[in-house]
Amino acid sequence: MRDILQLRFTAVFAALPPAALASISPANPLKRLARVLGYAGLRLVGNVFRPVHNPNNLHGAVWLYVVSANNYDALEFIQKARPDAVLVAGQAKNIGRYNATVNRLSLRRKLLYYWQFPYAFFALAQTEGGRAWRFFDFIFYAIGYYEVYRRALRRHRPRAVVFSNDHNDDTRSLLLACRAEGIPTAYVQHASVSANFPPLGFDLSLLEGQDALDKYRLCGPVQGRVELVGMPKADAYLARRNTAPAVRRVGIACNIHDPLPALTAALVYLVAKLPELTFTLRPHPSDGRNFEPLRQLLPTLEWSSARIENVFDFLLRQDALVAADTSTHLEATLLNVASVYFRFGTNPLTDDYYGYVAKGLVERADNPSELAEKLRAYARHKPADLYRRAAYYNATLGTPDEGRSQPRTVALLNEWLESPHQQP
């Protein structure tokens, strides 16, 4: 259980802004208890009465395990390239627009393992102290995943399981279940990683670049074979880099970690100081806050819906990006969109969380005035070679394989799956 919940018990997670934590784990213990009871009633009991009917045969297939629409997008090209590959998720997992098409692993028996909860809670309280109490809801949610996933693996005996997330509780559970059942595992990185992630523990890991490997080495011992393949999801966009010599359109990417008052104040300042620029706000798809007052306050502000518009399509409409801690900085730089790191929050443990400023990928602005000055400078001239800064993060940049990360990934997976030690 400590392995499954590794990220939840890190100092950086415990120090997240209250607004960010409230959406997934309320500070009030009674509210946490209410959420746990709701999970037990709607999810656990609900699963018992909800049969699973899958569109594909899971037996002996290569499972592409997803926990979000972003994961689905990151692995779908493998499913298209291999007729034996199927996209799989937990029974009630929200995969957004792909809910109806993804195959499901039954969690009906998860309810049978909740007798373990008191033992798990008190054991974790011994090692994690007060954080076990603060996040008892996460412990509750994680119970039973490992056992039901081992049962699913024994029933279907997949040829291998490919992951695109390595730190969620259900993902960690399936990884541990695969190890116990002798099922080969592979990992395709889909977003920037952090040194706070669990150690890399897959049989084959296909990472985007040296940055990811260096960070995983900080997480702990790296197991299995590792290859650097570039960024598969960016293949179709690299040839469409921004060639504008000056900035006219500025995207602002935000998420639940960015306090709304600070975000609002920064936008009001920028719109007033730089009326010649067009600003577009793009909240993260999981950000459910009420932005209507901001719409009323700044009627000239444009908007991008992350539920509708792909992040690369959004960036193709921008000349510059302003954001705090998000991998959108890397995606912007790859498209030669000028990117500026600006923090709306004050949590010291997440300052330059991905190391983009330290490694020279993006510039930093520490206050609205400095941010406006940097944007004003880019409005006079935007360099044509900003994208070269991303070579440390994308191994194929500037090589013959640039824009061919998908076929490179598929070729490596095929080679690995066909190797003698992977044969059943």
# chains A, B, ... in the order shown; residues from 1 in each chain; ligands from 1
>>> select_by_dssp(residues="region 152-340 of chain A", states="strand (DSSP E or B)", output="number ranges by chain")
A: 160-163, 185-188, 204-207, 225-228, 249-254, 278-283, 302-303, 320-323, 338-340
>>> residues_around(residues="Cys178 (chain A)", least_positions_apart="3", cutoff="9 Å", atoms="only C-alpha atoms", output="ChimeraX atom specification")
/A:149-150,153,160-161,173-175,181-185
>>> residues_around(residues="region 192-201 of chain A", least_positions_apart="3", cutoff="8 Å", atoms="only C-alpha atoms", output="ChimeraX atom specification")
/A:3,6-7,10,12,166-167,189,205,212,215-224,327,353-354
>>> closest_residue(among="A:Ser106, A:Asn394, A:Thr326, A:Thr101", to="Gly46 (chain A)", atoms="only C-alpha atoms")
A:Ser106
>>> residues_around(residues="Lys80 (chain A)", least_positions_apart="6", cutoff="12 Å", atoms="only C-alpha atoms", output="PyMOL selection string")
chain A and resi 64+72-74+86-87+406-407+410
>>> write_last_selection(atoms="all heavy atoms", output="mmCIF file, in the first residue's frame")
data_model
loop_
_atom_site.group_PDB
_atom_site.id
_atom_site.type_symbol
_atom_site.label_atom_id
_atom_site.label_comp_id
_atom_site.auth_asym_id
_atom_site.auth_seq_id
_atom_site.Cartn_x
_atom_site.Cartn_y
_atom_site.Cartn_z
ATOM 1 N N LEU A 64 -3.425 -1.744 -23.171
ATOM 2 C CA LEU A 64 -2.980 -0.363 -23.067
ATOM 3 C C LEU A 64 -3.811 0.266 -21.955
ATOM 4 O O LEU A 64 -4.968 0.632 -22.155
ATOM 5 C CB LEU A 64 -3.189 0.373 -24.392
ATOM 6 C CG LEU A 64 -2.644 -0.327 -25.651
ATOM 7 C CD1 LEU A 64 -3.025 0.451 -26.906
ATOM 8 C CD2 LEU A 64 -1.130 -0.502 -25.561
ATOM 9 N N TYR A 72 -5.333 8.013 -22.964
ATOM 10 C CA TYR A 72 -5.916 7.383 -24.156
ATOM 11 C C TYR A 72 -5.265 7.964 -25.420
ATOM 12 O O TYR A 72 -4.831 7.234 -26.316
ATOM 13 C CB TYR A 72 -7.426 7.612 -24.155
ATOM 14 C CG TYR A 72 -8.196 6.816 -25.182
ATOM 15 C CD1 TYR A 72 -8.999 5.753 -24.787
ATOM 16 C CD2 TYR A 72 -8.146 7.134 -26.535
ATOM 17 C CE1 TYR A 72 -9.731 5.016 -25.720
ATOM 18 C CE2 TYR A 72 -8.867 6.410 -27.468
ATOM 19 C CZ TYR A 72 -9.661 5.359 -27.060
ATOM 20 O OH TYR A 72 -10.367 4.633 -27.982
ATOM 21 N N ASP A 73 -5.193 9.297 -25.470
ATOM 22 C CA ASP A 73 -4.590 9.952 -26.628
ATOM 23 C C ASP A 73 -3.119 9.550 -26.797
ATOM 24 O O ASP A 73 -2.617 9.449 -27.918
ATOM 25 C CB ASP A 73 -4.680 11.474 -26.473
ATOM 26 C CG ASP A 73 -6.103 11.998 -26.628
ATOM 27 O OD1 ASP A 73 -6.915 11.323 -27.299
ATOM 28 O OD2 ASP A 73 -6.402 13.067 -26.072
ATOM 29 N N ALA A 74 -2.440 9.319 -25.669
ATOM 30 C CA ALA A 74 -1.016 8.996 -25.716
ATOM 31 C C ALA A 74 -0.748 7.577 -26.202
ATOM 32 O O ALA A 74 0.332 7.295 -26.721
ATOM 33 C CB ALA A 74 -0.389 9.197 -24.334
ATOM 34 N N VAL A 86 -5.463 -3.562 -27.069
ATOM 35 C CA VAL A 86 -6.780 -3.073 -26.648
ATOM 36 C C VAL A 86 -6.600 -2.041 -25.548
ATOM 37 O O VAL A 86 -5.722 -2.169 -24.697
ATOM 38 C CB VAL A 86 -7.681 -4.229 -26.148
ATOM 39 C CG1 VAL A 86 -8.006 -5.191 -27.274
ATOM 40 C CG2 VAL A 86 -7.039 -4.973 -24.986
ATOM 41 N N LEU A 87 -7.409 -1.008 -25.567
ATOM 42 C CA LEU A 87 -7.381 0.041 -24.554
ATOM 43 C C LEU A 87 -8.256 -0.378 -23.379
ATOM 44 O O LEU A 87 -9.420 -0.760 -23.557
ATOM 45 C CB LEU A 87 -7.836 1.366 -25.152
ATOM 46 C CG LEU A 87 -6.780 1.968 -26.090
ATOM 47 C CD1 LEU A 87 -7.415 2.650 -27.284
ATOM 48 C CD2 LEU A 87 -5.888 2.940 -25.323
ATOM 49 N N GLN A 406 6.280 8.165 -33.010
ATOM 50 C CA GLN A 406 5.279 7.099 -32.965
ATOM 51 C C GLN A 406 5.788 5.816 -33.628
ATOM 52 O O GLN A 406 5.750 4.750 -32.999
ATOM 53 C CB GLN A 406 3.957 7.566 -33.585
ATOM 54 C CG GLN A 406 3.220 8.571 -32.707
ATOM 55 C CD GLN A 406 1.825 8.869 -33.223
ATOM 56 O OE1 GLN A 406 1.311 8.193 -34.108
ATOM 57 N NE2 GLN A 406 1.193 9.884 -32.658
ATOM 58 N N PRO A 407 6.256 5.861 -34.874
ATOM 59 C CA PRO A 407 6.775 4.615 -35.458
ATOM 60 C C PRO A 407 7.983 4.078 -34.704
ATOM 61 O O PRO A 407 8.170 2.860 -34.613
ATOM 62 C CB PRO A 407 7.129 5.007 -36.898
ATOM 63 C CG PRO A 407 7.129 6.492 -36.939
ATOM 64 C CD PRO A 407 6.197 6.943 -35.869
ATOM 65 N N VAL A 410 6.515 2.251 -31.656
ATOM 66 C CA VAL A 410 5.889 0.988 -32.063
ATOM 67 C C VAL A 410 6.944 -0.044 -32.419
ATOM 68 O O VAL A 410 6.835 -1.220 -32.042
ATOM 69 C CB VAL A 410 4.923 1.224 -33.248
ATOM 70 C CG1 VAL A 410 4.463 -0.103 -33.835
ATOM 71 C CG2 VAL A 410 3.724 2.054 -32.792
#
>>> closest_atom_pairs(of="region 261-355 of chain A", to="region 373-378 of chain A", cutoff="10 Å", atoms="only C-alpha atoms", output="Markdown table")
| residue | atom | partner | partner_atom | distance |
| --- | --- | --- | --- | --- |
| A:Leu270 | CA | A:Leu375 | CA | 9.4 |
| A:Lys273 | CA | A:Arg376 | CA | 9.5 |
| A:Leu274 | CA | A:Arg376 | CA | 7.6 |
| A:Glu276 | CA | A:Arg376 | CA | 9.8 |
| A:Leu277 | CA | A:Leu375 | CA | 9.1 |
| A:Asp319 | CA | A:Tyr378 | CA | 9.0 |
| A:Ala320 | CA | A:Leu375 | CA | 7.9 |
| A:Leu321 | CA | A:Leu375 | CA | 9.4 |
| A:Val322 | CA | A:Leu375 | CA | 9.2 |
| A:Ala338 | CA | A:Tyr378 | CA | 7.6 |
| A:Ser339 | CA | A:Leu375 | CA | 9.4 |
| A:Val340 | CA | A:Lys374 | CA | 8.0 |
>>> residues_around(residues="region 395-402 of chain A", least_positions_apart="5", cutoff="7 Å", atoms="only C-alpha atoms", output="JSON, numbers by chain")
{"A": [208, 209, 210, 228, 229, 230]}
>>> write_last_selection(atoms="all heavy atoms", output="JSON list (two decimals), in the first residue's frame")
[["chain", "number", "residue", "atom", "x", "y", "z"],
["A", 208, "GLU", "N", 10.68, 10.24, -23.21],
["A", 208, "GLU", "CA", 10.76, 11.27, -24.23],
["A", 208, "GLU", "C", 12.18, 11.78, -24.44],
["A", 208, "GLU", "O", 12.58, 12.09, -25.56],
["A", 208, "GLU", "CB", 9.84, 12.44, -23.87],
["A", 208, "GLU", "CG", 8.36, 12.06, -23.95],
["A", 208, "GLU", "CD", 7.44, 13.18, -23.51],
["A", 208, "GLU", "OE1", 7.96, 14.26, -23.09],
["A", 208, "GLU", "OE2", 6.21, 13.01, -23.58],
["A", 209, "GLY", "N", 12.94, 11.90, -23.35],
["A", 209, "GLY", "CA", 14.28, 12.45, -23.50],
["A", 209, "GLY", "C", 15.12, 12.29, -22.26],
["A", 209, "GLY", "O", 14.71, 11.66, -21.28],
["A", 210, "GLN", "N", 16.31, 12.89, -22.29],
["A", 210, "GLN", "CA", 17.28, 12.74, -21.20],
["A", 210, "GLN", "C", 16.75, 13.34, -19.91],
["A", 210, "GLN", "O", 17.05, 12.85, -18.81],
["A", 210, "GLN", "CB", 18.60, 13.41, -21.59],
["A", 210, "GLN", "CG", 19.74, 13.09, -20.65],
["A", 210, "GLN", "CD", 20.10, 11.61, -20.63],
["A", 210, "GLN", "OE1", 20.14, 10.97, -21.68],
["A", 210, "GLN", "NE2", 20.36, 11.07, -19.44],
["A", 228, "LEU", "N", 15.04, 6.17, -25.29],
["A", 228, "LEU", "CA", 14.57, 7.55, -25.46],
["A", 228, "LEU", "C", 13.98, 7.68, -26.86],
["A", 228, "LEU", "O", 14.68, 7.47, -27.85],
["A", 228, "LEU", "CB", 15.72, 8.53, -25.26],
["A", 228, "LEU", "CG", 16.50, 8.40, -23.94],
["A", 228, "LEU", "CD1", 17.57, 9.48, -23.83],
["A", 228, "LEU", "CD2", 15.55, 8.46, -22.74],
["A", 229, "VAL", "N", 12.69, 8.01, -26.95],
["A", 229, "VAL", "CA", 11.97, 7.95, -28.23],
["A", 229, "VAL", "C", 11.42, 9.28, -28.69],
["A", 229, "VAL", "O", 10.81, 9.36, -29.75],
["A", 229, "VAL", "CB", 10.82, 6.92, -28.15],
["A", 229, "VAL", "CG1", 11.35, 5.53, -27.87],
["A", 229, "VAL", "CG2", 9.78, 7.34, -27.09],
["A", 230, "GLY", "N", 11.60, 10.36, -27.93],
["A", 230, "GLY", "CA", 10.97, 11.61, -28.29],
["A", 230, "GLY", "C", 9.53, 11.65, -27.79],
["A", 230, "GLY", "O", 9.13, 10.88, -26.93]]
>>> closest_residue(among="A:Val102, A:Arg380, A:Ala262, A:Glu363", to="Asn71 (chain A)", atoms="only C-alpha atoms")
A:Val102
>>> closest_residue(among="A:Tyr393, A:Phe13, A:Tyr187, A:Tyr387", to="Phe163 (chain A)", atoms="only C-alpha atoms")
A:Tyr187
>>> closest_residue(among="A:Val45, A:Arg248, A:Pro55, A:Ala19", to="Pro261 (chain A)", atoms="only C-alpha atoms")
A:Ala19
>>> select_by_dssp(residues="region 56-275 of chain A", states="helix (DSSP H, G or I)", output="number ranges by chain")
A: 69-81, 96-98, 108-128, 130-134, 136-142, 145-156, 169-181, 210-219, 232-234, 238-240, 260-273
>>> write_last_selection(atoms="C-alpha atoms", output="mmCIF file, in the first residue's frame")
data_model
loop_
_atom_site.group_PDB
_atom_site.id
_atom_site.type_symbol
_atom_site.label_atom_id
_atom_site.label_comp_id
_atom_site.auth_asym_id
_atom_site.auth_seq_id
_atom_site.Cartn_x
_atom_site.Cartn_y
_atom_site.Cartn_z
ATOM 1 C CA ALA A 69 -8.397 10.950 -21.848
ATOM 2 C CA ASN A 70 -4.796 12.208 -22.062
ATOM 3 C CA ASN A 71 -3.546 8.650 -21.479
ATOM 4 C CA TYR A 72 -5.916 7.383 -24.156
ATOM 5 C CA ASP A 73 -4.590 9.952 -26.628
ATOM 6 C CA ALA A 74 -1.016 8.996 -25.716
ATOM 7 C CA LEU A 75 -1.503 5.271 -26.393
ATOM 8 C CA GLU A 76 -4.139 5.139 -29.130
ATOM 9 C CA PHE A 77 -1.506 5.094 -31.895
ATOM 10 C CA ILE A 78 -0.236 1.758 -30.526
ATOM 11 C CA GLN A 79 -3.740 0.311 -30.674
ATOM 12 C CA LYS A 80 -3.989 1.397 -34.311
ATOM 13 C CA ALA A 81 -0.602 -0.145 -35.114
ATOM 14 C CA GLY A 96 -13.846 11.607 -20.665
ATOM 15 C CA ARG A 97 -14.948 11.440 -24.279
ATOM 16 C CA TYR A 98 -13.650 7.863 -24.526
ATOM 17 C CA ARG A 108 -17.153 -5.746 -8.566
ATOM 18 C CA ARG A 109 -15.062 -7.818 -6.142
ATOM 19 C CA LYS A 110 -13.170 -4.794 -4.789
ATOM 20 C CA LEU A 111 -15.774 -4.528 -2.036
ATOM 21 C CA LEU A 112 -14.665 -7.882 -0.628
ATOM 22 C CA TYR A 113 -11.280 -6.547 0.469
ATOM 23 C CA TYR A 114 -12.316 -3.627 2.655
ATOM 24 C CA TRP A 115 -11.743 -5.642 5.811
ATOM 25 C CA GLN A 116 -8.106 -4.703 5.160
ATOM 26 C CA PHE A 117 -8.703 -0.983 5.632
ATOM 27 C CA PRO A 118 -8.117 -0.759 9.424
ATOM 28 C CA TYR A 119 -4.895 -2.750 9.131
ATOM 29 C CA ALA A 120 -3.635 -0.659 6.207
ATOM 30 C CA PHE A 121 -4.561 2.611 7.921
ATOM 31 C CA PHE A 122 -2.865 1.852 11.229
ATOM 32 C CA ALA A 123 0.225 0.412 9.529
ATOM 33 C CA LEU A 124 0.589 3.538 7.387
ATOM 34 C CA ALA A 125 0.006 5.728 10.442
ATOM 35 C CA GLN A 126 3.131 4.133 11.932
ATOM 36 C CA THR A 127 5.255 5.080 8.902
ATOM 37 C CA GLU A 128 3.564 8.251 7.632
ATOM 38 C CA GLY A 130 -0.379 12.458 10.479
ATOM 39 C CA ARG A 131 -0.464 12.188 6.703
ATOM 40 C CA ALA A 132 -2.188 8.808 7.016
ATOM 41 C CA TRP A 133 -5.043 10.548 8.849
ATOM 42 C CA ARG A 134 -5.036 13.540 6.499
ATOM 43 C CA PHE A 136 -7.274 8.310 4.916
ATOM 44 C CA ASP A 137 -9.638 8.732 1.976
ATOM 45 C CA PHE A 138 -6.869 7.849 -0.498
ATOM 46 C CA ILE A 139 -6.068 4.742 1.536
ATOM 47 C CA PHE A 140 -9.728 3.771 1.378
ATOM 48 C CA TYR A 141 -9.963 4.271 -2.377
ATOM 49 C CA ALA A 142 -6.827 2.190 -3.008
ATOM 50 C CA TYR A 145 -7.257 -2.719 -6.591
ATOM 51 C CA TYR A 146 -4.252 -5.012 -6.295
ATOM 52 C CA GLU A 147 -6.336 -8.107 -5.549
ATOM 53 C CA VAL A 148 -8.965 -7.617 -8.254
ATOM 54 C CA TYR A 149 -6.310 -6.781 -10.826
ATOM 55 C CA ARG A 150 -4.365 -9.938 -10.011
ATOM 56 C CA ARG A 151 -7.590 -11.884 -10.549
ATOM 57 C CA ALA A 152 -8.173 -10.119 -13.903
ATOM 58 C CA LEU A 153 -4.627 -10.926 -15.010
ATOM 59 C CA ARG A 154 -5.017 -14.583 -14.104
ATOM 60 C CA ARG A 155 -8.317 -14.724 -15.987
ATOM 61 C CA HIS A 156 -7.239 -12.973 -19.201
ATOM 62 C CA ASP A 169 -3.181 4.323 -7.106
ATOM 63 C CA ASP A 170 -4.916 2.038 -9.618
ATOM 64 C CA THR A 171 -1.927 2.208 -11.970
ATOM 65 C CA ARG A 172 0.529 1.311 -9.216
ATOM 66 C CA SER A 173 -1.770 -1.530 -8.163
ATOM 67 C CA LEU A 174 -1.869 -2.996 -11.658
ATOM 68 C CA LEU A 175 1.914 -2.700 -11.992
ATOM 69 C CA LEU A 176 2.430 -4.617 -8.724
ATOM 70 C CA ALA A 177 -0.175 -7.184 -9.818
ATOM 71 C CA CYS A 178 1.666 -7.679 -13.115
ATOM 72 C CA ARG A 179 4.915 -8.323 -11.260
ATOM 73 C CA ALA A 180 3.197 -10.889 -9.040
ATOM 74 C CA GLU A 181 1.580 -12.664 -12.011
ATOM 75 C CA GLN A 210 17.277 12.740 -21.201
ATOM 76 C CA ASP A 211 15.405 15.017 -18.794
ATOM 77 C CA ALA A 212 12.940 12.251 -17.905
ATOM 78 C CA LEU A 213 15.700 9.670 -17.407
ATOM 79 C CA ASP A 214 17.736 12.016 -15.221
ATOM 80 C CA LYS A 215 14.703 12.733 -13.047
ATOM 81 C CA TYR A 216 13.784 9.069 -12.706
ATOM 82 C CA ARG A 217 17.340 8.364 -11.566
ATOM 83 C CA LEU A 218 16.691 10.833 -8.738
ATOM 84 C CA CYS A 219 13.532 8.899 -7.820
ATOM 85 C CA PRO A 232 4.935 10.617 -29.870
ATOM 86 C CA LYS A 233 1.952 12.926 -29.326
ATOM 87 C CA ALA A 234 3.835 15.830 -30.954
ATOM 88 C CA LEU A 238 6.429 19.583 -35.280
ATOM 89 C CA ALA A 239 6.330 20.543 -38.956
ATOM 90 C CA ARG A 240 3.872 23.342 -38.148
ATOM 91 C CA LEU A 260 -8.055 32.265 -8.853
ATOM 92 C CA PRO A 261 -7.556 35.695 -7.200
ATOM 93 C CA ALA A 262 -3.883 35.805 -8.247
ATOM 94 C CA LEU A 263 -4.742 34.573 -11.731
ATOM 95 C CA THR A 264 -7.426 37.225 -12.069
ATOM 96 C CA ALA A 265 -5.121 40.007 -10.861
ATOM 97 C CA ALA A 266 -2.404 39.015 -13.335
ATOM 98 C CA LEU A 267 -4.840 38.892 -16.255
ATOM 99 C CA VAL A 268 -6.356 42.272 -15.388
ATOM 100 C CA TYR A 269 -2.854 43.765 -15.284
ATOM 101 C CA LEU A 270 -1.738 42.220 -18.582
ATOM 102 C CA VAL A 271 -4.875 43.150 -20.508
ATOM 103 C CA ALA A 272 -4.565 46.747 -19.314
ATOM 104 C CA LYS A 273 -0.807 47.049 -19.919
#
>>> atom_distance(atom1="CA of Ala253 (chain A)", atom2="CA of Arg282 (chain A)")
4.9 Å
>>> closest_residue(among="A:Tyr237, A:Tyr65, A:Phe135, A:Tyr39", to="Ser164 (chain A)", atoms="only C-alpha atoms")
A:Tyr65
>>> residues_around(residues="Ser286 (chain A)", least_positions_apart="6", cutoff="10 Å", atoms="only C-alpha atoms", output="number ranges by chain")
A: 23, 255-256, 306-307
>>> closest_residue(among="A:Pro158, A:Gly403, A:Pro259, A:Gly41", to="Leu335 (chain A)", atoms="only C-alpha atoms")
A:Gly403
>>> atom_distance(atom1="CA of Ala15 (chain A)", atom2="CA of Ala372 (chain A)")
29.1 Å
>>> residues_around(residues="Asp352 (chain A)", least_positions_apart="6", cutoff="9 Å", atoms="only C-alpha atoms", output="MDAnalysis selection string")
chainID A and resid 324:325 341 343 358
>>> write_last_selection(atoms="N, CA, C and O atoms", output="PDB file, in the first residue's frame")
ATOM      1  N   ALA A 324       2.353  28.510 -15.050  1.00  0.00           N
ATOM      2  CA  ALA A 324       3.191  28.143 -13.910  1.00  0.00           C
ATOM      3  C   ALA A 324       3.708  26.728 -14.131  1.00  0.00           C
ATOM      4  O   ALA A 324       4.445  26.483 -15.077  1.00  0.00           O
ATOM      5  N   ASP A 325       3.306  25.792 -13.294  1.00  0.00           N
ATOM      6  CA  ASP A 325       3.873  24.443 -13.367  1.00  0.00           C
ATOM      7  C   ASP A 325       2.997  23.522 -14.206  1.00  0.00           C
ATOM      8  O   ASP A 325       2.018  22.952 -13.721  1.00  0.00           O
ATOM      9  N   TYR A 341       7.596  31.344 -17.673  1.00  0.00           N
ATOM     10  CA  TYR A 341       7.169  30.741 -16.402  1.00  0.00           C
ATOM     11  C   TYR A 341       6.784  31.856 -15.436  1.00  0.00           C
ATOM     12  O   TYR A 341       7.600  32.731 -15.108  1.00  0.00           O
ATOM     13  N   ARG A 343       4.515  32.291 -11.732  1.00  0.00           N
ATOM     14  CA  ARG A 343       3.800  31.596 -10.672  1.00  0.00           C
ATOM     15  C   ARG A 343       2.635  32.439 -10.163  1.00  0.00           C
ATOM     16  O   ARG A 343       2.814  33.582  -9.760  1.00  0.00           O
ATOM     17  N   ALA A 358      15.354  26.176 -14.544  1.00  0.00           N
ATOM     18  CA  ALA A 358      16.733  25.802 -14.197  1.00  0.00           C
ATOM     19  C   ALA A 358      17.495  25.260 -15.398  1.00  0.00           C
ATOM     20  O   ALA A 358      18.706  25.495 -15.526  1.00  0.00           O
TER      21      ALA A 358
END
